[in-house]
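Text of data-v2.csv, listed as CSV, C-alpha atoms:
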```csv
chain,number,residue,atom,x,y,z
A,54,MET,CA,20.6,128.3,65.8
A,55,SER,CA,20.5,125.0,64.0
A,56,ASP,CA,23.7,123.5,62.5
A,57,GLY,CA,22.3,123.8,59.0
A,58,HIS,CA,21.6,127.5,59.4
A,59,ASP,CA,22.3,129.2,56.1
A,60,HIS,CA,25.1,131.8,56.4
A,61,ASP,CA,23.4,133.9,53.8
A,62,LEU,CA,20.3,134.0,56.0
A,63,LEU,CA,22.4,135.2,59.0
A,64,ALA,CA,23.6,138.0,56.7
A,65,ALA,CA,20.0,138.7,55.8
A,66,GLU,CA,18.9,138.8,59.4
A,67,TYR,CA,21.8,141.1,60.2
A,68,VAL,CA,20.9,143.5,57.5
A,69,LEU,CA,17.2,143.3,58.5
A,70,GLY,CA,18.3,144.5,61.9
A,71,ALA,CA,16.4,141.9,63.9
A,72,LEU,CA,19.5,140.3,65.5
A,73,GLU,CA,20.3,141.1,69.1
A,74,GLY,CA,22.8,140.0,71.8
A,75,ASP,CA,25.1,137.1,70.9
A,76,GLU,CA,23.7,136.6,67.4
A,77,ARG,CA,24.3,140.2,66.5
A,78,ARG,CA,27.9,140.2,67.9
A,79,GLU,CA,28.6,136.9,66.0
A,80,ALA,CA,27.4,138.6,62.8
A,81,GLU,CA,29.5,141.7,63.4
A,82,ARG,CA,32.5,139.5,64.1
A,83,ARG,CA,32.0,137.6,60.9
A,84,LEU,CA,31.4,140.8,58.9
A,85,ALA,CA,34.9,142.0,60.1
A,86,SER,CA,36.7,138.7,59.4
A,87,ASP,CA,34.9,136.8,56.7
A,88,PRO,CA,34.9,138.3,53.2
A,89,VAL,CA,32.3,135.8,51.9
A,90,PHE,CA,29.9,136.8,54.7
A,91,ALA,CA,30.7,140.5,54.1
A,92,ARG,CA,29.6,140.0,50.4
A,93,SER,CA,26.4,138.4,51.5
A,94,VAL,CA,25.7,141.4,53.8
A,95,ALA,CA,26.4,143.8,51.0
A,96,ALA,CA,24.1,141.9,48.6
A,97,TRP,CA,21.3,141.9,51.2
A,98,GLN,CA,21.8,145.6,51.9
A,99,GLN,CA,21.3,146.2,48.2
A,100,ARG,CA,18.2,144.0,48.1
A,101,LEU,CA,16.5,145.5,51.2
A,102,THR,CA,17.5,149.1,51.1
A,103,PRO,CA,14.4,150.2,49.0
A,104,LEU,CA,12.4,149.5,52.2
A,105,ALA,CA,14.1,152.4,53.8
A,106,SER,CA,11.9,154.7,51.7
A,107,TYR,CA,9.0,153.8,54.2
A,108,ALA,CA,10.7,156.3,56.6
A,109,PRO,CA,9.7,159.8,55.4
A,110,PRO,CA,12.6,162.3,55.0
A,111,THR,CA,12.6,164.6,58.0
A,112,SER,CA,14.5,167.9,58.5
A,113,PRO,CA,17.3,167.3,61.0
A,114,PRO,CA,18.0,169.8,63.8
A,115,ASP,CA,19.5,173.0,62.6
A,116,ASP,CA,22.8,172.5,64.5
A,117,LEU,CA,23.4,169.0,63.2
A,118,TRP,CA,25.7,170.1,60.4
A,119,GLN,CA,27.8,172.2,62.9
A,120,ARG,CA,28.1,169.2,65.1
A,121,ILE,CA,29.3,167.0,62.3
A,122,GLU,CA,31.7,169.7,61.0
A,123,ALA,CA,33.2,170.1,64.4
A,124,ARG,CA,33.9,166.3,64.5
A,125,ILE,CA,35.6,166.2,61.1
A,126,ALA,CA,37.4,169.6,61.0
A,127,PRO,CA,40.9,170.0,62.2
A,128,ALA,CA,41.1,171.9,65.5
A,129,ALA,CA,40.5,175.7,65.1
A,130,ALA,CA,43.8,177.5,64.7
A,131,ALA,CA,42.9,179.7,67.6
A,132,ASP,CA,43.1,176.8,70.0
A,133,ILE,CA,46.6,175.7,69.1
A,134,LEU,CA,48.7,178.3,70.8
A,135,PRO,CA,47.1,178.3,74.2
A,136,LEU,CA,47.1,174.6,73.9
A,137,ARG,CA,50.8,174.3,73.4
A,138,ARG,CA,51.2,176.5,76.5
A,139,ARG,CA,48.9,174.2,78.4
A,140,ILE,CA,50.8,171.1,77.3
A,141,ARG,CA,54.1,172.6,78.2
A,142,PHE,CA,52.7,173.5,81.6
A,143,TRP,CA,51.4,170.0,81.8
A,144,GLN,CA,54.7,168.4,80.9
A,145,ALA,CA,56.6,170.5,83.4
A,146,THR,CA,54.3,169.2,86.2
A,147,THR,CA,55.2,165.5,86.7
A,148,ALA,CA,54.1,165.0,90.2
A,149,GLY,CA,51.2,162.7,89.2
A,150,ALA,CA,47.9,163.0,87.6
A,151,LEU,CA,46.1,164.5,90.6
A,152,ALA,CA,48.6,167.2,91.2
A,153,ILE,CA,48.5,167.9,87.5
A,154,ALA,CA,44.7,168.1,87.5
A,155,ALA,CA,44.7,170.5,90.4
A,156,SER,CA,47.3,172.8,88.8
A,157,LEU,CA,45.5,172.6,85.5
A,158,ALA,CA,42.3,173.7,87.1
A,159,ALA,CA,44.1,176.8,88.4
A,160,PHE,CA,45.4,177.5,85.0
A,161,ILE,CA,42.4,177.0,82.9
A,162,VAL,CA,40.2,179.1,85.1
A,163,LEU,CA,41.7,182.0,83.1
A,164,ARG,CA,40.2,181.0,79.8
A,165,GLN,CA,36.6,180.9,78.5
A,166,PRO,CA,34.6,178.8,78.1
A,167,THR,CA,35.8,176.9,81.1
A,168,PRO,CA,36.2,173.1,80.8
A,169,ALA,CA,33.6,171.3,82.8
A,170,ARG,CA,35.6,168.2,83.1
A,171,ILE,CA,39.1,166.9,82.3
A,172,ALA,CA,40.5,163.4,81.8
A,173,VAL,CA,44.0,162.2,82.1
A,174,LEU,CA,44.6,159.2,79.8
A,175,SER,CA,47.3,156.9,80.8
A,176,PRO,CA,48.4,153.5,79.5
A,177,LEU,CA,46.1,150.9,81.0
A,178,ALA,CA,49.2,148.8,81.8
A,179,GLY,CA,50.5,151.7,84.0
A,180,GLY,CA,52.8,154.6,83.2
A,181,ALA,CA,52.9,158.3,82.7
A,182,PRO,CA,49.9,160.1,81.1
A,183,VAL,CA,49.8,160.2,77.3
A,184,LEU,CA,46.7,162.3,76.5
A,185,MET,CA,44.7,165.0,78.1
A,186,ALA,CA,41.1,165.7,77.4
A,187,GLU,CA,39.0,168.7,78.3
A,188,ALA,CA,35.2,168.6,78.0
A,189,GLU,CA,33.5,172.0,77.9
A,190,THR,CA,30.0,172.5,79.0
A,191,GLY,CA,28.8,173.2,75.4
A,192,GLY,CA,29.8,169.6,74.4
A,193,ARG,CA,33.2,170.5,72.9
A,194,LEU,CA,35.9,168.0,73.7
A,195,LEU,CA,39.6,168.7,73.1
A,196,VAL,CA,41.9,165.8,73.2
A,197,ARG,CA,45.6,166.5,73.0
A,198,PRO,CA,48.8,164.4,73.4
A,199,THR,CA,51.1,165.3,76.2
A,200,THR,CA,53.9,163.3,74.6
A,201,ALA,CA,54.7,162.1,71.1
A,202,ILE,CA,52.6,159.1,70.2
A,203,ALA,CA,53.9,156.6,67.6
A,204,VAL,CA,51.2,154.8,65.6
A,205,PRO,CA,52.0,152.2,62.9
A,206,THR,CA,51.3,153.5,59.4
A,207,ASP,CA,48.7,150.9,58.7
A,208,LYS,CA,46.8,151.6,62.0
A,209,ASP,CA,44.8,154.4,63.5
A,210,LEU,CA,44.0,155.3,67.1
A,211,GLU,CA,40.3,155.5,67.9
A,212,LEU,CA,38.7,157.3,70.8
A,213,TRP,CA,35.8,155.8,72.7
A,214,ALA,CA,33.4,157.0,75.5
A,215,LEU,CA,32.2,154.5,78.0
A,216,PRO,CA,29.7,155.8,80.5
A,217,GLN,CA,29.8,154.2,84.0
A,218,GLY,CA,27.7,151.0,84.1
A,219,GLU,CA,27.7,150.5,80.4
A,220,THR,CA,29.6,147.7,78.6
A,221,ARG,CA,29.7,148.9,75.0
A,222,PRO,CA,31.8,152.0,74.4
A,223,ARG,CA,30.6,154.6,71.8
A,224,SER,CA,33.0,155.6,69.1
A,225,LEU,CA,34.1,159.2,69.1
A,226,GLY,CA,36.0,158.6,65.9
A,227,VAL,CA,39.6,158.2,64.8
A,228,LEU,CA,42.1,160.1,66.9
A,229,PRO,CA,45.1,161.5,65.1
A,230,PRO,CA,48.3,161.3,67.2
A,231,SER,CA,48.4,165.1,67.1
A,232,GLY,CA,45.0,165.2,68.9
A,233,ARG,CA,41.6,166.4,67.9
A,234,GLN,CA,38.7,168.7,68.7
A,235,LEU,CA,35.2,167.2,68.5
A,236,THR,CA,31.7,167.7,69.8
A,237,ALA,CA,30.3,165.0,72.0
A,238,GLN,CA,27.6,165.0,74.6
A,239,LEU,CA,29.1,163.0,77.4
A,240,THR,CA,27.4,162.0,80.6
A,241,PRO,CA,29.1,162.5,83.9
A,242,ASN,CA,31.2,159.6,85.0
A,243,THR,CA,32.4,158.7,81.6
A,244,GLN,CA,35.6,156.9,80.8
A,245,LEU,CA,37.5,157.8,77.7
A,246,LEU,CA,39.4,155.0,76.0
A,247,VAL,CA,41.8,154.8,73.1
A,248,SER,CA,42.2,151.7,71.1
A,249,LEU,CA,44.5,150.7,68.2
A,250,GLU,CA,42.4,149.9,65.1
A,251,PRO,CA,42.8,149.2,61.4
A,252,LYS,CA,43.3,152.3,59.2
A,253,GLY,CA,40.1,154.3,59.2
A,254,GLY,CA,38.8,153.0,62.5
A,255,SER,CA,37.1,149.9,63.8
A,256,PRO,CA,35.0,148.3,61.1
A,257,THR,CA,32.6,146.9,63.6
A,258,GLY,CA,31.6,150.0,65.7
A,259,GLN,CA,33.3,148.4,68.7
A,260,PRO,CA,37.0,148.3,69.6
A,261,THR,CA,38.7,145.4,67.7
A,262,GLY,CA,42.3,146.1,68.7
A,263,PRO,CA,44.0,146.5,72.1
A,264,VAL,CA,42.8,149.3,74.3
A,265,LEU,CA,45.9,151.3,74.9
A,266,TYR,CA,45.0,154.3,77.1
A,267,GLY,CA,42.1,155.2,79.4
A,268,GLY,CA,41.0,157.7,82.0
A,269,TRP,CA,37.9,159.0,83.7
A,270,LEU,CA,36.4,162.4,83.0
A,271,THR,CA,36.6,164.3,86.3
A,272,ALA,CA,34.8,167.5,87.3
A,273,VAL,CA,37.2,170.4,87.6
A,274,GLU,CA,37.0,172.1,90.9
A,275,LEU,CA,37.8,175.8,90.4
A,276,PRO,CA,39.8,177.5,93.1
A,277,ARG,CA,37.7,180.0,95.1
A,278,GLY,CA,38.5,183.7,95.5
B,105,MET,CA,17.9,171.0,30.0
B,106,SER,CA,21.6,170.4,29.6
B,107,ALA,CA,23.1,167.0,29.3
B,108,THR,CA,24.5,167.3,32.8
B,109,ALA,CA,21.0,167.4,34.2
B,110,GLN,CA,20.7,163.8,33.0
B,111,ILE,CA,23.2,162.5,35.5
B,112,SER,CA,21.1,160.5,37.9
B,113,ILE,CA,21.1,161.2,41.6
B,114,ALA,CA,22.6,157.7,42.2
B,115,ASP,CA,25.7,158.4,40.1
B,116,ASP,CA,26.0,161.8,41.7
B,117,THR,CA,25.9,160.3,45.2
B,118,GLN,CA,28.7,157.9,44.2
B,119,ALA,CA,30.8,160.7,42.8
B,120,LEU,CA,30.3,162.7,46.0
B,121,VAL,CA,31.4,159.7,48.2
B,122,HIS,CA,34.5,159.3,46.0
B,123,ARG,CA,35.3,163.0,46.5
B,124,CYS,CA,34.9,162.7,50.2
B,125,ALA,CA,37.4,159.8,50.1
B,126,GLY,CA,39.8,162.4,48.7
B,127,GLY,CA,39.2,164.8,51.6
B,128,ASP,CA,36.9,167.1,49.7
B,129,GLN,CA,34.9,168.9,52.4
B,130,ALA,CA,32.7,170.8,49.9
B,131,ALA,CA,31.6,167.4,48.5
B,132,PHE,CA,30.8,166.3,52.0
B,133,ARG,CA,28.6,169.3,52.6
B,134,LEU,CA,26.8,168.6,49.3
B,135,LEU,CA,26.3,165.0,50.5
B,136,TYR,CA,24.9,166.3,53.7
B,137,ASP,CA,22.5,168.7,52.0
B,138,ARG,CA,21.3,165.9,49.7
B,139,TRP,CA,21.1,163.1,52.2
B,140,GLY,CA,20.7,164.8,55.7
B,141,SER,CA,16.9,164.7,55.9
B,142,ARG,CA,16.7,161.2,54.3
B,143,LEU,CA,19.2,159.7,56.7
B,144,TYR,CA,17.7,161.6,59.7
B,145,GLY,CA,14.2,160.4,58.8
B,146,ILE,CA,15.5,156.8,58.8
B,147,ALA,CA,17.2,157.2,62.1
B,148,LEU,CA,14.2,158.9,63.6
B,149,ARG,CA,11.9,156.0,62.6
B,150,ILE,CA,14.3,153.6,64.4
B,151,THR,CA,15.2,155.6,67.5
B,152,ARG,CA,11.8,157.4,67.8
B,153,GLN,CA,13.5,160.2,69.7
B,154,ALA,CA,14.8,163.4,68.0
B,155,VAL,CA,17.9,163.5,70.3
B,156,LEU,CA,18.9,159.9,69.6
B,157,ALA,CA,18.2,160.3,65.9
B,158,ALA,CA,20.4,163.4,65.7
B,159,ASP,CA,23.2,161.4,67.5
B,160,ALA,CA,22.8,158.5,65.1
B,161,THR,CA,22.9,160.8,62.0
B,162,GLN,CA,25.9,162.6,63.4
B,163,GLU,CA,27.8,159.4,64.0
B,164,ALA,CA,26.8,158.2,60.5
B,165,PHE,CA,28.1,161.3,58.7
B,166,VAL,CA,31.3,161.2,60.7
B,167,GLN,CA,31.7,157.5,59.7
B,168,ILE,CA,30.8,158.3,56.1
B,169,TRP,CA,33.6,161.0,56.0
B,170,GLN,CA,36.2,158.8,57.7
B,171,GLN,CA,35.4,155.6,55.8
B,172,ALA,CA,34.5,157.0,52.3
B,173,HIS,CA,37.6,155.4,50.9
B,174,ARG,CA,36.2,152.0,51.9
B,175,PHE,CA,33.1,152.4,49.8
B,176,ASP,CA,33.2,149.8,47.0
B,177,PRO,CA,30.7,150.4,44.1
B,178,ASP,CA,31.2,146.7,43.0
B,179,ARG,CA,29.5,145.6,46.2
B,180,GLY,CA,26.5,147.9,46.0
B,181,SER,CA,25.2,151.4,45.4
B,182,ALA,CA,26.3,154.4,47.3
B,183,GLU,CA,22.7,154.9,48.4
B,184,ALA,CA,22.7,151.4,50.1
B,185,TRP,CA,26.0,152.1,51.7
B,186,LEU,CA,24.9,155.4,53.2
B,187,ILE,CA,21.6,154.0,54.4
B,188,GLY,CA,23.3,151.0,55.9
B,189,ILE,CA,25.6,153.2,57.9
B,190,VAL,CA,22.8,155.3,59.5
B,191,ARG,CA,20.7,152.2,60.2
B,192,TYR,CA,23.5,150.4,62.0
B,193,ARG,CA,24.3,153.5,64.1
B,194,ALA,CA,20.6,153.9,65.0
B,195,LEU,CA,20.4,150.2,65.8
B,196,ASP,CA,23.5,150.5,68.0
B,197,ILE,CA,21.8,153.2,70.0
B,198,VAL,CA,18.5,151.4,70.5
B,199,ARG,CA,20.1,148.0,71.2
B,200,ARG,CA,22.5,149.6,73.7
B,201,GLN,CA,19.8,151.2,75.8
B,202,ALA,CA,16.7,149.4,76.7
B,203,ARG,CA,13.8,151.0,74.8
B,204,GLU,CA,12.7,154.0,76.8
B,205,VAL,CA,9.2,153.9,75.6
B,206,PRO,CA,7.8,150.5,76.8
B,207,GLY,CA,4.9,149.3,74.9
B,208,TYR,CA,5.5,151.7,72.0
B,209,GLU,CA,3.8,150.5,68.9
B,210,PRO,CA,4.9,151.6,65.5
B,211,ALA,CA,2.2,153.2,63.3
B,212,ASP,CA,0.0,150.4,62.0
B,213,ARG,CA,0.1,149.4,58.4
B,214,ALA,CA,2.7,152.0,57.7
B,215,ASP,CA,3.7,149.9,54.7
B,216,ASP,CA,0.3,150.8,53.2
B,217,ALA,CA,0.8,154.6,53.4
B,218,PRO,CA,0.4,155.8,49.9
B,219,ASP,CA,3.4,158.1,49.8
B,220,ALA,CA,5.7,155.5,51.2
B,221,LEU,CA,4.5,153.1,48.5
B,222,THR,CA,5.1,155.8,45.9
B,223,ARG,CA,8.7,156.3,47.1
B,224,LEU,CA,9.3,152.6,47.2
B,225,VAL,CA,8.2,151.9,43.6
B,226,SER,CA,9.9,155.0,42.2
B,227,THR,CA,13.1,152.9,41.5
B,228,ALA,CA,13.4,149.7,39.5
B,229,GLU,CA,14.9,147.9,42.6
B,230,GLY,CA,12.1,149.2,44.8
B,231,ALA,CA,9.4,148.1,42.4
B,232,ALA,CA,11.0,144.6,42.2
B,233,LEU,CA,11.1,144.4,46.0
B,234,HIS,CA,7.5,145.6,46.3
B,235,ARG,CA,6.4,142.9,43.8
B,236,CYS,CA,8.2,140.2,45.9
B,237,MET,CA,7.0,141.6,49.2
B,238,ASP,CA,3.5,141.4,47.8
B,239,GLN,CA,3.9,137.6,47.5
B,240,LEU,CA,4.4,137.3,51.3
B,241,GLU,CA,1.4,136.9,53.5
B,242,GLU,CA,0.4,140.3,55.0
B,243,ASP,CA,1.5,139.4,58.5
B,244,ARG,CA,4.9,138.3,57.3
B,245,ARG,CA,5.3,141.4,55.2
B,246,ARG,CA,4.6,143.6,58.2
B,247,LEU,CA,7.2,141.7,60.2
B,248,VAL,CA,9.9,142.4,57.6
B,249,VAL,CA,8.9,146.1,57.5
B,250,MET,CA,8.8,146.4,61.3
B,251,ALA,CA,12.3,144.9,61.5
B,252,PHE,CA,13.9,146.9,58.7
B,253,VAL,CA,12.1,150.2,59.0
B,254,ASP,CA,11.3,150.4,62.7
B,255,GLY,CA,14.4,148.6,63.9
B,256,LEU,CA,12.5,146.0,66.0
B,257,SER,CA,14.5,143.0,67.1
B,258,HIS,CA,13.4,139.4,67.1
B,259,SER,CA,12.3,139.6,70.7
B,260,GLU,CA,10.6,142.9,70.4
B,261,LEU,CA,8.6,141.5,67.4
B,262,ALA,CA,7.7,138.4,69.4
B,263,GLN,CA,6.5,140.5,72.3
B,264,ARG,CA,4.5,142.8,70.1
B,265,LEU,CA,2.8,140.1,68.1
B,266,ASN,CA,2.5,137.9,71.2
B,267,VAL,CA,4.0,134.8,69.5
B,268,PRO,CA,7.0,132.7,70.6
B,269,LEU,CA,10.5,134.0,69.7
B,270,GLY,CA,11.2,130.8,67.7
B,271,THR,CA,8.1,131.4,65.6
B,272,VAL,CA,9.1,135.0,64.8
B,273,LYS,CA,12.6,133.9,63.8
B,274,SER,CA,11.3,131.1,61.6
B,275,TRP,CA,8.7,133.4,59.9
B,276,ILE,CA,11.4,136.0,59.2
B,277,ARG,CA,13.8,133.4,57.8
B,278,ARG,CA,11.1,132.0,55.6
B,279,SER,CA,10.2,135.5,54.4
B,280,LEU,CA,13.8,136.3,53.7
B,281,MET,CA,14.3,133.0,51.8
B,282,SER,CA,11.2,133.8,49.7
B,283,LEU,CA,12.4,137.3,49.0
B,284,ARG,CA,15.8,136.0,47.9
B,285,GLU,CA,14.2,133.5,45.6
B,286,CYS,CA,11.7,136.0,44.1
B,287,LEU,CA,14.3,138.8,43.6
B,288,ALA,CA,16.6,136.3,41.8
B,289,SER,CA,14.0,135.3,39.3
```
Rewrite the structure of this file - the entire thing - as structure tokens.
Amino acid sequence: MSDGHDHDLLAAEYVLGALEGDERREAERRLASDPVFARSVAAWQQRLTPLASYAPPTSPPDDLWQRIEARIAPAAAADILPLRRRIRFWQATTAGALAIAASLAAFIVLRQPTPARIAVLSPLAGGAPVLMAEAETGGRLLVRPTTAIAVPTDKDLELWALPQGETRPRSLGVLPPSGRQLTAQLTPNTQLLVSLEPKGGSPTGQPTGPVLYGGWLTAVELPRG
Amino acid sequence: MSATAQISIADDTQALVHRCAGGDQAAFRLLYDRWGSRLYGIALRITRQAVLAADATQEAFVQIWQQAHRFDPDRGSAEAWLIGIVRYRALDIVRRQAREVPGYEPADRADDAPDALTRLVSTAEGAALHRCMDQLEEDRRRLVVMAFVDGLSHSELAQRLNVPLGTVKSWIRRSLMSLRECLAS
């Protein structure tokens, strides 16, 4: 890019969608940090949006609304009681994540639908587990704290999925400290991460704050017999 | 027709976004009913796969719900805000994974499809953009449409048109400069 490159044109190229790699990341970084650039982006978005009408409206899949609703709705009340029991059970078992996972598997075999995978999210710097996630075969993901989590009032936690081998995590949305139920299709060998973000979540679509907790989704081996 | 029927869809969309910011789930459902197929169609054109388009549309609506309070009507219309969100989510998906359909070619001359043109010129802004797009050479115009509508990156455009990357970048910049000038006049 030449020195004289017009910043307004970078905004235009960003809105056009043609940027990739470092140029795209640079535009995203500036969008988050430079109000003048952000105004340019908004103005170009306004100018070019009529082009979107070239794409014909198409009926989305029938279950799309249910998927969206599951992401924004508070956890169904029915899940709360067994969950508390699970968390208490969890908290009583402090012999380390593996022991917990094994015991948890024995416990959750009793309920339907069975979680396909669980993740234990611990501070990346080391320490006791903070969150527990259960992924069910249908795509439902339950994320619950195992201990009280304090979040500054001007910040939100955001949950991310990072499949093995990929470098850019996908946002699963803001995570209230009380936990959340959502729908997400996660590939095997996915790491769940939680970062600290501005209120409302990352403005860039990628983590902007420190990644606080993480853990791998692991298949639950159900006891036989 | 009552006076309320005169409220334009644009104003209505803005009102719905504001209600979403206040946590109004009924407004969110209305927004989905009104915009679901439009946003899904945009995502489908970029991702070209129903599964990916559904993912992008889902992520977009979740973001719309979570960030509705950030929508600022002084910066642009609610329509542009909604469309921007779904486009970036769809672009995230296609930029993250290598295109799974190598050699895919978007429908030729899609910008000449009569119904697309009708939709484009149905608003004052669209008509102005159409007038300015008309001033570009046809090749350059198609480049702009393929980038915005089909989500092709600089390097994908270069590959498709079989011209050097630097040439594509410079054509696009000149086209954008020309559009900026034309739309300001």
Shell of 12 Å around B:Gly145, only C-alpha atoms, local chain residues under 2 positions omitted, as a PDB file with C-alpha atoms, keeping the file's coordinate frame:
```pdb
ATOM      1  CA  ALA A 105      14.100 152.400  53.800  1.00  0.00           C
ATOM      2  CA  SER A 106      11.900 154.700  51.700  1.00  0.00           C
ATOM      3  CA  TYR A 107       9.000 153.800  54.200  1.00  0.00           C
ATOM      4  CA  ALA A 108      10.700 156.300  56.600  1.00  0.00           C
ATOM      5  CA  PRO A 109       9.700 159.800  55.400  1.00  0.00           C
ATOM      6  CA  PRO A 110      12.600 162.300  55.000  1.00  0.00           C
ATOM      7  CA  THR A 111      12.600 164.600  58.000  1.00  0.00           C
ATOM      8  CA  SER A 112      14.500 167.900  58.500  1.00  0.00           C
ATOM      9  CA  PRO A 113      17.300 167.300  61.000  1.00  0.00           C
ATOM     10  CA  PRO A 114      18.000 169.800  63.800  1.00  0.00           C
TER      11      PRO A 114
ATOM     12  CA  TRP B 139      21.100 163.100  52.200  1.00  0.00           C
ATOM     13  CA  GLY B 140      20.700 164.800  55.700  1.00  0.00           C
ATOM     14  CA  SER B 141      16.900 164.700  55.900  1.00  0.00           C
ATOM     15  CA  ARG B 142      16.700 161.200  54.300  1.00  0.00           C
ATOM     16  CA  LEU B 143      19.200 159.700  56.700  1.00  0.00           C
ATOM     17  CA  ALA B 147      17.200 157.200  62.100  1.00  0.00           C
ATOM     18  CA  LEU B 148      14.200 158.900  63.600  1.00  0.00           C
ATOM     19  CA  ARG B 149      11.900 156.000  62.600  1.00  0.00           C
ATOM     20  CA  ILE B 150      14.300 153.600  64.400  1.00  0.00           C
ATOM     21  CA  THR B 151      15.200 155.600  67.500  1.00  0.00           C
ATOM     22  CA  ARG B 152      11.800 157.400  67.800  1.00  0.00           C
ATOM     23  CA  GLN B 153      13.500 160.200  69.700  1.00  0.00           C
ATOM     24  CA  ALA B 154      14.800 163.400  68.000  1.00  0.00           C
ATOM     25  CA  LEU B 156      18.900 159.900  69.600  1.00  0.00           C
ATOM     26  CA  ALA B 157      18.200 160.300  65.900  1.00  0.00           C
ATOM     27  CA  ALA B 158      20.400 163.400  65.700  1.00  0.00           C
ATOM     28  CA  ALA B 160      22.800 158.500  65.100  1.00  0.00           C
ATOM     29  CA  THR B 161      22.900 160.800  62.000  1.00  0.00           C
ATOM     30  CA  ILE B 187      21.600 154.000  54.400  1.00  0.00           C
ATOM     31  CA  VAL B 190      22.800 155.300  59.500  1.00  0.00           C
ATOM     32  CA  ARG B 191      20.700 152.200  60.200  1.00  0.00           C
ATOM     33  CA  ALA B 194      20.600 153.900  65.000  1.00  0.00           C
ATOM     34  CA  VAL B 253      12.100 150.200  59.000  1.00  0.00           C
ATOM     35  CA  ASP B 254      11.300 150.400  62.700  1.00  0.00           C
TER      36      ASP B 254
END
```
Ref. answer, residues at most 12 Å from (23.8, 137.7, 65.2) with only C-alpha atoms, as a VMD selection string: (chain A and resid 54 58 60 62 to 84) or (chain B and resid 257 to 258 273)
Rank nothing, just name the residue among B:Gln239, B:Thr222, B:Gln263, B:Pro268 nearest to chain A, using all atoms listed in the file.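 Closest to chain A, using all atoms listed in the file: B:Thr222.
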Using all atoms listed in the file, determine which residues of chain B fall within 7 Å of chain A; present them as a ChimeraX atom specification. /B:140-142,144-146,149,158,162,165-166,170-171,179-180,184,188,215,220,223-224,229-230,251-253,255-258,277,280
Using only C-alpha atoms, the shortest atom-to-atom distance to A:Thr190 among A:Ala85, A:Leu210, A:Ala169, A:Leu235 belongs to A:Ala169
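You will find atom CA of B:Ala232 at 17.3 Å from atom CA of B:Arg246.
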With only C-alpha atoms as the counted atoms, please give the residues lying no more than 10 Å from A:Pro198, apart from itself and same-chain residues fewer than 4 positions off, as a PyMOL selection string. chain A and resi 140+174+182-186+202+229-233
For A:Gly218, list every protein, DNA or RNA residue within 12 Å, evaluated using all atoms listed in the file, and leave out those in the same chain fewer than 5 positions away; present the list as a PDB file with C-alpha atoms, keeping the file's coordinate frame.
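Written out: selection.pdb:
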```
ATOM      1  CA  THR A 240      27.400 162.000  80.600  1.00  0.00           C
ATOM      2  CA  PRO A 241      29.100 162.500  83.900  1.00  0.00           C
ATOM      3  CA  ASN A 242      31.200 159.600  85.000  1.00  0.00           C
ATOM      4  CA  THR A 243      32.400 158.700  81.600  1.00  0.00           C
ATOM      5  CA  GLN A 244      35.600 156.900  80.800  1.00  0.00           C
TER       6      GLN A 244
ATOM      7  CA  ARG B 200      22.500 149.600  73.700  1.00  0.00           C
ATOM      8  CA  GLN B 201      19.800 151.200  75.800  1.00  0.00           C
TER       9      GLN B 201
END
```
Quick one: pull the distance between atom CA of A:Leu239 and atom CA of B:Leu186, Å, one decimal.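 Computed distance, atom CA of A:Leu239 to atom CA of B:Leu186, equals 25.7 Å.
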Quick one: distance from atom CA of B:Asp176 to atom CA of A:Leu212 in Å, one decimal?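 Distance between the two atoms: 25.6 Å.
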Using all atoms listed in the file: which of A:Val247, A:Gln234, A:Trp269, A:Thr261 has the shortest distance to A:Gly192: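 The closest residue to A:Gly192 is A:Gln234.
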